[in-house]
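Student: Dropping a structure here in C-alpha cells format, bear with me for questions.
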Amino acid sequence: MAENIDTRFKHLRSRTPQNTTKGLAPDQQSVDLEPLTESEPAGKRGFSRRSFLSGLGAAGVLAGAAPLANATPVLEPASQDQADTAGTGSVTLRINGKDYTLHNLDPRATLLDTLRERIHLTGTKKGCDHGQCGACTVHVNGRRVNSCLSFSVMHEGDEITTIEGVGQPGNLHAMQAAFVEHDGYQCGYCTSGQIMSAVALLKEPIGPSDEDIKHAMSGNICRCGAYTNIVAAVRQVRSRA
Amino acid sequence: METFSYVKVPTIDKALGSASQAKFIAGGTTLVDLMKLSVEKPKTLIDINLLPLDKIEKLPDGGLRIGAMVRNSDLAWNADVKESYAVLSEAILSGASPQLRNMATTGGNLLQRTRCAYFREPSAGMPGGYGCNKRTPGTGCAALEGFNRTHAILGTSEHCIATHPSDMCVAMAALEAVIHVEGPKGKRTIAFADFHKLPGATPNIENALEPGELITYVDLPKPVEGAKSTYLKLRDRASYEFALSSAAVVARVESGHIRYIRVALGGVGTKPWRSHEAEAALMGKPANATTFKAAAEAAFAKAKPHKDNAFKVELAKRCLVRSLKTAAA
C-alpha cells in the first residue's frame, strides 16, 4: 500500500522547486497533475482514493461515510432502498459530451449526487448541499448552476459540463493552469467549483475590475481563504481572452 | 427528503391539469433547498421548465412583459430592463449568487420563502420542535423570544415576524408590477401590492395564489418619463447575503421638487414593503436632505423592533435617505 500511496502523491512532487529547473512559466499548461484515479481498469490497479474510502465506509470504520458506500455503478440495478421509492424509469443525461443512461433513478437524486455516486465523476464536490457554498458548481447548457439544488430527472436533454469536461491533466483549461500558477487553493476542496465559476464568468457581461471578479465569484466560498490568488488567476485569464 | 412523483409538462394546460398536492418546480433554488429541510413535502412535482414563458417582450402600451420562466440573470441583464427599470436590474444583481441567479426564475422569486432560521429548522412546528405558525398554525413563534436579529420590524404580528427575503420583489413593488396567473378557474391579474400577504393570524398563507394557480407573466408598467431609479442593499457582507435593509426608489425631480415618487423597502418587512408614508412625505417637496430625513422618519414611525433587531430601525432610515439622494439628486 505504501507504494500506491507514494504514486498517488507524485503530482505533488512535480510542483516542488527541486523538480523544476525554474518557477512555473506564466502560461505553463504542462504541469504534471496526475489523476488520483487512474484510467487503468480498476481490477488491474485495484486501488484508488475513492475505492479506498468506499472500502472503509463499507467496513464501518468511517461511520459517516454512508454516501460513499452507497455508490451504485451506472447501468446496474438500483439498490434496495432505491427500488422502494417511486422510480422514474430510465433517464439519459449528457455529460461532457457523453450520454449516460441511468436506470431506476430516484427522483430525489440531485444532479450533484448523480454525478458523484452513479456516474463517479467525483471532481464535483459536495459542500453545504444547500446552494450556499458553490463547491458543486457545474455548467448546464453553458451556464453555471449549483448542482445540489437541481434534480437529475429535470436534466434530460441538457448539456452538462463538469470539471472533468473542462480540462484534463496534460490538457488543462487556461483557467485550471492559471489556478495552478497562482496557487488559487490550499486544501483544494472548493477548487473545481471555483474553476467552473471562473470559466463561466468569462462569458458573462460583468465589468473589468477586480471588484467585478470578486462579486462574480462570491457564490464560491473558500474556507482556506485563497481568494486573493483566485482573483489573480481569473484576472490573468480574462486579460488574455 | 420524502419521495415524490415527477412529471414534466410541455404546455400550460397540461401543467394546470395535473394532480392535487402538487407543486410546480422551475429553478428549484428555494423548493429543493426546503425539501431537503423537510419544510416542503410535495407529493408530486410538476416540472414547468418546458413552458414557453421564458421571453421578455415589450407591450403595446410601452410596458414590459416578463415570462414567469425568465431566469433572474437574463432579467437583470436585459437591455430594456437595464435602460428603463434600473432598480430591478440592480435589485436582482444584489441578490444570491451568479449560479443561483442562472437557475432562479421570475415566478419562483415571487414565491421565495423566508430565511427565518426557526422556520427552516426541519422539526419546526412539530412536537418537540421550535414553534412556527408558518409551518404549523397554532404552534407559536420561536423567533418572538428567540434570536431575531434578521427579523422584520414592519408588518409583523404576534404570530410571525419572519422577513420577506426577496430583492427582486422590492423593486417590483416600487415599479407597481402586475402579476398574471392562470388556474383551474381561468386567468386573472393581481396587483403587486395585493400578491404578498401580511402574516396576521395566518402566517402560513403567504400570497394570493389559489390552489393550482400558476404564475405566467409579470407586467411592468410603462417607464415613468424622466424618472431615475435605484436599489441600495445593506447587509453583513458585500455580496451573497440577504438584506438587513434595502430601499428601492423611483423618483422624478423637476425644478428641485419631487414630482413622482415610489418607495419600497426590503429586509425590514414581512412582505416587500411599499412605503406610502415615505411617498406622502416626499411628494411635491423640495428634493433635499431635510425632506429625505422626514420621509425616513415617516417610513419607520410604526416600526416594531424586537430584542435583537432594534438596530434595523436606524439602519433602514439611513438606507432610505441614501437611496433618495441617489435617485433624486
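To be explicit about the labels: the chains of the C-alpha cells are called A, B, and onward in the order shown, and within each one the residues are counted from 1, while ligands get numbers from 1 in the order they are shown.
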Please check the contacts: residues of chain A at most 10 Å away from chain B, using only C-alpha atoms, listed as a compact mmCIF listing (two decimals) with C-alpha atoms, in the first residue's frame.
Tutor:
```txt
# COMPACT_ATOMS: atom_id res chain seq x y z
CA THR A 85 -39.12 4.58 -3.93
CA ALA A 86 -41.07 5.96 -6.81
CA GLY A 87 -38.78 5.26 -9.73
CA THR A 88 -38.80 7.29 -12.90
CA ASP A 106 -34.64 8.10 -7.70
CA PRO A 107 -36.45 11.39 -8.44
CA ARG A 108 -34.88 12.77 -5.27
CA ALA A 109 -31.36 12.32 -6.64
CA THR A 110 -29.79 15.71 -7.14
CA ASP A 129 -25.71 20.80 -0.19
CA HIS A 130 -27.96 23.89 0.04
CA GLY A 131 -26.70 26.25 -2.66
CA GLN A 132 -24.66 28.33 -0.26
CA CYS A 133 -21.04 27.33 -0.94
CA GLY A 134 -20.64 26.77 -4.69
CA THR A 137 -20.90 24.27 -9.46
CA VAL A 138 -21.28 22.72 -12.93
CA HIS A 139 -22.39 24.13 -16.28
CA VAL A 140 -25.82 23.34 -17.70
CA ARG A 143 -24.26 28.39 -17.69
CA ARG A 144 -23.03 27.81 -14.17
CA VAL A 145 -25.51 26.38 -11.68
CA ASN A 146 -25.47 24.73 -8.25
CA SER A 147 -25.87 21.02 -8.99
CA CYS A 148 -27.02 20.36 -5.39
CA LEU A 149 -30.25 22.32 -5.95
CA SER A 150 -31.43 20.52 -9.04
CA PHE A 151 -32.95 17.09 -9.51
CA VAL A 153 -34.59 13.90 -13.70
CA MET A 154 -35.01 17.55 -14.72
CA HIS A 155 -31.89 17.48 -16.89
CA SER A 197 -17.48 29.55 -11.89
CA ALA A 200 -18.36 30.64 -16.81
CA LEU A 201 -17.79 34.26 -15.86
CA GLU A 204 -20.84 36.85 -18.57
CA PRO A 205 -21.41 40.58 -19.01
CA ILE A 206 -19.56 41.67 -15.89
CA LYS A 214 -14.97 39.31 -6.60
CA HIS A 215 -18.71 39.85 -6.96
CA ALA A 216 -18.92 37.32 -9.79
CA MET A 217 -17.01 34.76 -7.71
CA SER A 218 -18.92 35.42 -4.48
CA GLY A 219 -21.06 32.30 -4.87
CA ASN A 220 -17.98 30.17 -4.25
```
Student: If we count only C-alpha atoms, what is near Leu265 of chain B at a cut-off of 7 Å, once residues fewer than 5 positions away on the same chain are taken out, given as a ChimeraX atom specification?
Tutor: /B:170,246-248,272-274
Student: Those residues you just picked out, can you put them in a file as an mmCIF file, in the first residue's frame with C-alpha atoms?
Tutor:
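The resulting file, result.cif, is reproduced below:
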```
data_model
loop_
_atom_site.group_PDB
_atom_site.id
_atom_site.type_symbol
_atom_site.label_atom_id
_atom_site.label_comp_id
_atom_site.auth_asym_id
_atom_site.auth_seq_id
_atom_site.Cartn_x
_atom_site.Cartn_y
_atom_site.Cartn_z
ATOM 1 C CA VAL B 170 -38.860 45.030 -3.537
ATOM 2 C CA SER B 246 -32.739 47.742 1.384
ATOM 3 C CA ALA B 247 -34.543 50.505 -0.454
ATOM 4 C CA ALA B 248 -35.920 50.747 -3.984
ATOM 5 C CA PRO B 272 -41.978 43.507 0.095
ATOM 6 C CA TRP B 273 -42.759 46.818 1.796
ATOM 7 C CA ARG B 274 -44.210 49.645 -0.247
#
```
Student: As JSON, numbers by chain, please: every residue in segment 142-291 of chain B that DSSP puts in helix (DSSP H, G or I).
Tutor: {"B": [142, 143, 144, 145, 168, 169, 170, 171, 172, 173, 174, 192, 193, 194, 195, 276, 277, 278, 279, 280, 281, 282, 289, 290, 291]}
Student: Please dump the current selection as a short mmCIF file (atom, residue, chain, number, x, y, z; two decimals), in the first residue's frame; keep C-alpha atoms.
Tutor:
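Contents of part36.cif, freshly written:
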```cif
data_model
loop_
_atom_site.label_atom_id
_atom_site.label_comp_id
_atom_site.auth_asym_id
_atom_site.auth_seq_id
_atom_site.Cartn_x
_atom_site.Cartn_y
_atom_site.Cartn_z
CA ALA B 142 -39.97 30.81 18.43
CA ALA B 143 -38.47 33.93 16.84
CA LEU B 144 -40.50 36.29 19.04
CA GLU B 145 -38.39 35.43 22.09
CA MET B 168 -36.45 41.40 -6.89
CA CYS B 169 -39.83 41.77 -5.22
CA VAL B 170 -38.86 45.03 -3.54
CA ALA B 171 -38.01 46.57 -6.91
CA MET B 172 -41.23 45.21 -8.42
CA ALA B 173 -43.23 46.74 -5.57
CA ALA B 174 -41.73 50.15 -6.37
CA PHE B 192 -48.19 43.55 -6.85
CA ALA B 193 -49.28 45.15 -3.58
CA ASP B 194 -52.03 42.52 -3.22
CA PHE B 195 -49.90 39.49 -4.06
CA HIS B 276 -46.90 55.07 1.20
CA GLU B 277 -45.88 57.03 4.30
CA ALA B 278 -42.49 57.87 2.83
CA GLU B 279 -44.04 58.73 -0.53
CA ALA B 280 -46.53 61.12 1.12
CA ALA B 281 -43.69 62.85 2.93
CA LEU B 282 -41.75 63.29 -0.33
CA ALA B 289 -31.74 66.24 2.98
CA THR B 290 -34.46 67.60 5.28
CA THR B 291 -37.21 66.09 3.13
#
```
Student: Expressed in Å to a single decimal, how great is the separation between atom CA of Tyr118 of chain B and atom CA of Tyr231 of chain B?
Tutor: 28.6 Å
Student: For Ala152 of chain B, which residue out of B:Val9, B:Val178, B:Ile92, B:Leu244 is the nearest one, using only C-alpha atoms?
Tutor: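 Selected residue with least distance to Ala152 of chain B: B:Leu244.
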Student: List as number ranges by chain the protein and nucleic acid residues near Ile195 of chain A, meaning an atom at most 10 Å away when only C-alpha atoms are counted, but skip any in the same chain fewer than 2 places from it.
Tutor: A: 135, 137-138, 163, 166, 173, 175-176, 178-179, 184, 190-193, 197-201, 217, 220, 230, 233-234
Student: Could the residues in this selection be saved with N, CA and C atoms as an mmCIF file, in the first residue's frame?
Tutor:
```
data_model
loop_
_atom_site.group_PDB
_atom_site.id
_atom_site.type_symbol
_atom_site.label_atom_id
_atom_site.label_comp_id
_atom_site.auth_asym_id
_atom_site.auth_seq_id
_atom_site.Cartn_x
_atom_site.Cartn_y
_atom_site.Cartn_z
ATOM 1 N N ALA A 135 -19.391 24.739 -4.100
ATOM 2 C CA ALA A 135 -18.463 23.635 -4.395
ATOM 3 C C ALA A 135 -19.001 22.724 -5.493
ATOM 4 N N THR A 137 -20.602 23.547 -8.220
ATOM 5 C CA THR A 137 -20.899 24.272 -9.464
ATOM 6 C C THR A 137 -20.543 23.460 -10.712
ATOM 7 N N VAL A 138 -21.499 23.331 -11.616
ATOM 8 C CA VAL A 138 -21.276 22.725 -12.931
ATOM 9 C C VAL A 138 -21.920 23.649 -13.967
ATOM 10 N N ILE A 163 -16.122 19.578 -14.134
ATOM 11 C CA ILE A 163 -14.694 19.927 -14.164
ATOM 12 C C ILE A 163 -13.919 18.934 -15.034
ATOM 13 N N VAL A 166 -13.881 20.114 -18.536
ATOM 14 C CA VAL A 166 -13.249 21.407 -18.813
ATOM 15 C C VAL A 166 -11.791 21.217 -19.238
ATOM 16 N N HIS A 173 -7.402 23.384 -19.070
ATOM 17 C CA HIS A 173 -8.023 24.640 -19.498
ATOM 18 C C HIS A 173 -7.134 25.780 -18.975
ATOM 19 N N MET A 175 -7.874 28.292 -17.429
ATOM 20 C CA MET A 175 -8.222 28.688 -16.062
ATOM 21 C C MET A 175 -7.630 27.718 -15.044
ATOM 22 N N GLN A 176 -7.624 26.438 -15.373
ATOM 23 C CA GLN A 176 -7.016 25.457 -14.463
ATOM 24 C C GLN A 176 -5.525 25.752 -14.320
ATOM 25 N N ALA A 178 -4.060 28.556 -14.750
ATOM 26 C CA ALA A 178 -3.864 29.807 -14.007
ATOM 27 C C ALA A 178 -4.036 29.586 -12.499
ATOM 28 N N PHE A 179 -4.977 28.718 -12.129
ATOM 29 C CA PHE A 179 -5.138 28.404 -10.706
ATOM 30 C C PHE A 179 -3.871 27.729 -10.156
ATOM 31 N N GLY A 184 -4.164 29.101 -6.507
ATOM 32 C CA GLY A 184 -5.514 29.560 -6.149
ATOM 33 C C GLY A 184 -6.275 28.585 -5.286
ATOM 34 N N CYS A 190 -12.760 23.290 -2.657
ATOM 35 C CA CYS A 190 -13.676 24.189 -3.376
ATOM 36 C C CYS A 190 -13.224 24.434 -4.803
ATOM 37 N N THR A 191 -12.029 23.941 -5.151
ATOM 38 C CA THR A 191 -11.359 24.375 -6.386
ATOM 39 C C THR A 191 -12.131 24.058 -7.660
ATOM 40 N N SER A 192 -12.685 22.860 -7.753
ATOM 41 C CA SER A 192 -13.384 22.558 -9.007
ATOM 42 C C SER A 192 -14.576 23.496 -9.181
ATOM 43 N N GLY A 193 -15.282 23.780 -8.103
ATOM 44 C CA GLY A 193 -16.400 24.725 -8.179
ATOM 45 C C GLY A 193 -15.915 26.131 -8.527
ATOM 46 N N SER A 197 -16.949 28.182 -11.930
ATOM 47 C CA SER A 197 -17.479 29.547 -11.888
ATOM 48 C C SER A 197 -16.610 30.494 -12.710
ATOM 49 N N ALA A 198 -15.299 30.354 -12.528
ATOM 50 C CA ALA A 198 -14.367 31.262 -13.208
ATOM 51 C C ALA A 198 -14.446 31.102 -14.727
ATOM 52 N N VAL A 199 -14.582 29.856 -15.187
ATOM 53 C CA VAL A 199 -14.695 29.622 -16.635
ATOM 54 C C VAL A 199 -15.997 30.254 -17.146
ATOM 55 N N ALA A 200 -17.070 30.103 -16.371
ATOM 56 C CA ALA A 200 -18.363 30.637 -16.806
ATOM 57 C C ALA A 200 -18.359 32.160 -16.860
ATOM 58 N N LEU A 201 -17.710 32.789 -15.905
ATOM 59 C CA LEU A 201 -17.793 34.263 -15.862
ATOM 60 C C LEU A 201 -17.097 34.911 -17.049
ATOM 61 N N MET A 217 -17.490 36.004 -8.327
ATOM 62 C CA MET A 217 -17.014 34.758 -7.707
ATOM 63 C C MET A 217 -17.589 34.577 -6.304
ATOM 64 N N ASN A 220 -18.891 31.279 -4.533
ATOM 65 C CA ASN A 220 -17.979 30.168 -4.247
ATOM 66 C C ASN A 220 -17.163 30.504 -3.016
ATOM 67 N N ILE A 230 -7.073 33.471 -6.188
ATOM 68 C CA ILE A 230 -8.125 33.118 -7.153
ATOM 69 C C ILE A 230 -8.407 34.320 -8.055
ATOM 70 N N ALA A 233 -5.717 34.651 -10.602
ATOM 71 C CA ALA A 233 -5.836 33.660 -11.681
ATOM 72 C C ALA A 233 -6.905 34.085 -12.686
ATOM 73 N N VAL A 234 -8.054 34.508 -12.172
ATOM 74 C CA VAL A 234 -9.153 34.894 -13.056
ATOM 75 C C VAL A 234 -8.758 36.140 -13.861
#
```
Student: Could you check the closest approach to Gly207 of chain A for each of A:Gly225, A:Arg235, A:Asp113, A:Ala177 and tell me which residue wins, using only C-alpha atoms?
Tutor: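 For Gly207 of chain A, the nearest of the candidates is A:Arg235.
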Student: To test your reading of the structure, identify every residue in segment 68-174 of chain A that backbone DSSP assigns to strand (DSSP E), and report it as a ChimeraX atom specification.
Tutor: /A:91-95,98-102,137-140,143-146,159-161
Student: Let me make sure I understand: among B:His151, B:His196, B:Arg120, B:His159, which one has the smallest atom-to-atom distance to Asn309 of chain B if we use only C-alpha atoms?
Tutor: B:His151
Student: One number please: atom CA of Asn96 of chain A to atom CA of Cys128 of chain A, in Å, one decimal.
Tutor: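 So the two atoms, atom CA of Asn96 of chain A and atom CA of Cys128 of chain A, lie 24.3 Å apart.
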Student: Please provide the set of residues having any atom within 12 Å of Pro60 of chain B, restricted to only C-alpha atoms, with same-chain residues fewer than 3 positions apart removed, written as a list in words.
Tutor: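 Near Pro60 of chain B, the qualifying residues are Glu57, Gly63, Leu64, Arg65, Asp219, Pro221 and Lys222 of chain B.
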Student: If we count only C-alpha atoms and set the cut-off at 10 Å, which residues sit around Ala86 of chain B, ignoring sequence neighbours fewer than 2 positions away in its own chain? Please answer as a list in words.
Tutor: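 Everything that qualifies: Ala76, Ala79, Asp80, Val81, Lys82, Glu83, Ser84, Leu88, Ser89, Glu90, Ala91, Ala171, Lys228, Ser229, Thr230, Tyr231 and Val250 of chain B.
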Student: Please produce a file of those selected residues containing N, CA and C atoms, as a PDB file, in the first residue's frame.
Tutor:
```pdb
ATOM      1  N   ALA B  76     -31.998  40.515 -15.239  1.00  0.00           N
ATOM      2  CA  ALA B  76     -31.122  41.590 -14.767  1.00  0.00           C
ATOM      3  C   ALA B  76     -30.270  42.166 -15.895  1.00  0.00           C
ATOM      4  N   ALA B  79     -31.447  44.336 -21.875  1.00  0.00           N
ATOM      5  CA  ALA B  79     -31.129  45.728 -22.222  1.00  0.00           C
ATOM      6  C   ALA B  79     -32.264  46.679 -21.840  1.00  0.00           C
ATOM      7  N   ASP B  80     -33.518  46.279 -22.073  1.00  0.00           N
ATOM      8  CA  ASP B  80     -34.643  47.156 -21.741  1.00  0.00           C
ATOM      9  C   ASP B  80     -34.759  47.367 -20.232  1.00  0.00           C
ATOM     10  N   VAL B  81     -34.500  46.295 -19.490  1.00  0.00           N
ATOM     11  CA  VAL B  81     -34.582  46.398 -18.026  1.00  0.00           C
ATOM     12  C   VAL B  81     -33.488  47.325 -17.507  1.00  0.00           C
ATOM     13  N   LYS B  82     -32.276  47.137 -17.998  1.00  0.00           N
ATOM     14  CA  LYS B  82     -31.175  47.986 -17.540  1.00  0.00           C
ATOM     15  C   LYS B  82     -31.437  49.451 -17.886  1.00  0.00           C
ATOM     16  N   GLU B  83     -32.003  49.678 -19.062  1.00  0.00           N
ATOM     17  CA  GLU B  83     -32.229  51.040 -19.547  1.00  0.00           C
ATOM     18  C   GLU B  83     -33.402  51.713 -18.816  1.00  0.00           C
ATOM     19  N   SER B  84     -34.530  51.003 -18.714  1.00  0.00           N
ATOM     20  CA  SER B  84     -35.755  51.664 -18.250  1.00  0.00           C
ATOM     21  C   SER B  84     -36.186  51.290 -16.836  1.00  0.00           C
ATOM     22  N   LEU B  88     -34.740  47.394 -10.950  1.00  0.00           N
ATOM     23  CA  LEU B  88     -34.988  45.952 -10.986  1.00  0.00           C
ATOM     24  C   LEU B  88     -33.693  45.189 -11.278  1.00  0.00           C
ATOM     25  N   SER B  89     -32.938  45.687 -12.253  1.00  0.00           N
ATOM     26  CA  SER B  89     -31.665  45.058 -12.582  1.00  0.00           C
ATOM     27  C   SER B  89     -30.723  45.076 -11.376  1.00  0.00           C
ATOM     28  N   GLU B  90     -30.634  46.237 -10.733  1.00  0.00           N
ATOM     29  CA  GLU B  90     -29.739  46.367  -9.573  1.00  0.00           C
ATOM     30  C   GLU B  90     -30.184  45.468  -8.422  1.00  0.00           C
ATOM     31  N   ALA B  91     -31.487  45.391  -8.204  1.00  0.00           N
ATOM     32  CA  ALA B  91     -32.002  44.572  -7.102  1.00  0.00           C
ATOM     33  C   ALA B  91     -31.657  43.100  -7.323  1.00  0.00           C
ATOM     34  N   ALA B 171     -38.032  45.716  -5.719  1.00  0.00           N
ATOM     35  CA  ALA B 171     -38.006  46.568  -6.908  1.00  0.00           C
ATOM     36  C   ALA B 171     -39.354  46.520  -7.630  1.00  0.00           C
ATOM     37  N   LYS B 228     -35.601  58.624 -12.353  1.00  0.00           N
ATOM     38  CA  LYS B 228     -34.405  57.825 -12.072  1.00  0.00           C
ATOM     39  C   LYS B 228     -34.784  56.781 -11.042  1.00  0.00           C
ATOM     40  N   SER B 229     -34.148  55.633 -11.120  1.00  0.00           N
ATOM     41  CA  SER B 229     -34.459  54.636 -10.106  1.00  0.00           C
ATOM     42  C   SER B 229     -33.185  53.991  -9.587  1.00  0.00           C
ATOM     43  N   THR B 230     -33.236  53.507  -8.361  1.00  0.00           N
ATOM     44  CA  THR B 230     -32.044  52.902  -7.766  1.00  0.00           C
ATOM     45  C   THR B 230     -32.428  51.905  -6.687  1.00  0.00           C
ATOM     46  N   TYR B 231     -31.504  50.975  -6.416  1.00  0.00           N
ATOM     47  CA  TYR B 231     -31.697  49.991  -5.342  1.00  0.00           C
ATOM     48  C   TYR B 231     -30.450  49.974  -4.486  1.00  0.00           C
ATOM     49  N   VAL B 250     -38.013  55.031  -7.055  1.00  0.00           N
ATOM     50  CA  VAL B 250     -38.210  55.572  -8.405  1.00  0.00           C
ATOM     51  C   VAL B 250     -38.650  57.023  -8.204  1.00  0.00           C
TER      52      VAL B 250
END
```
Student: Counting only C-alpha atoms, figure out which residue out of A:Lys126, A:His120, A:Arg94, A:Arg238 gets nearest to Asp210 of chain A.
Tutor: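 Using only C-alpha atoms, Asp210 of chain A sits closest to A:Arg238.
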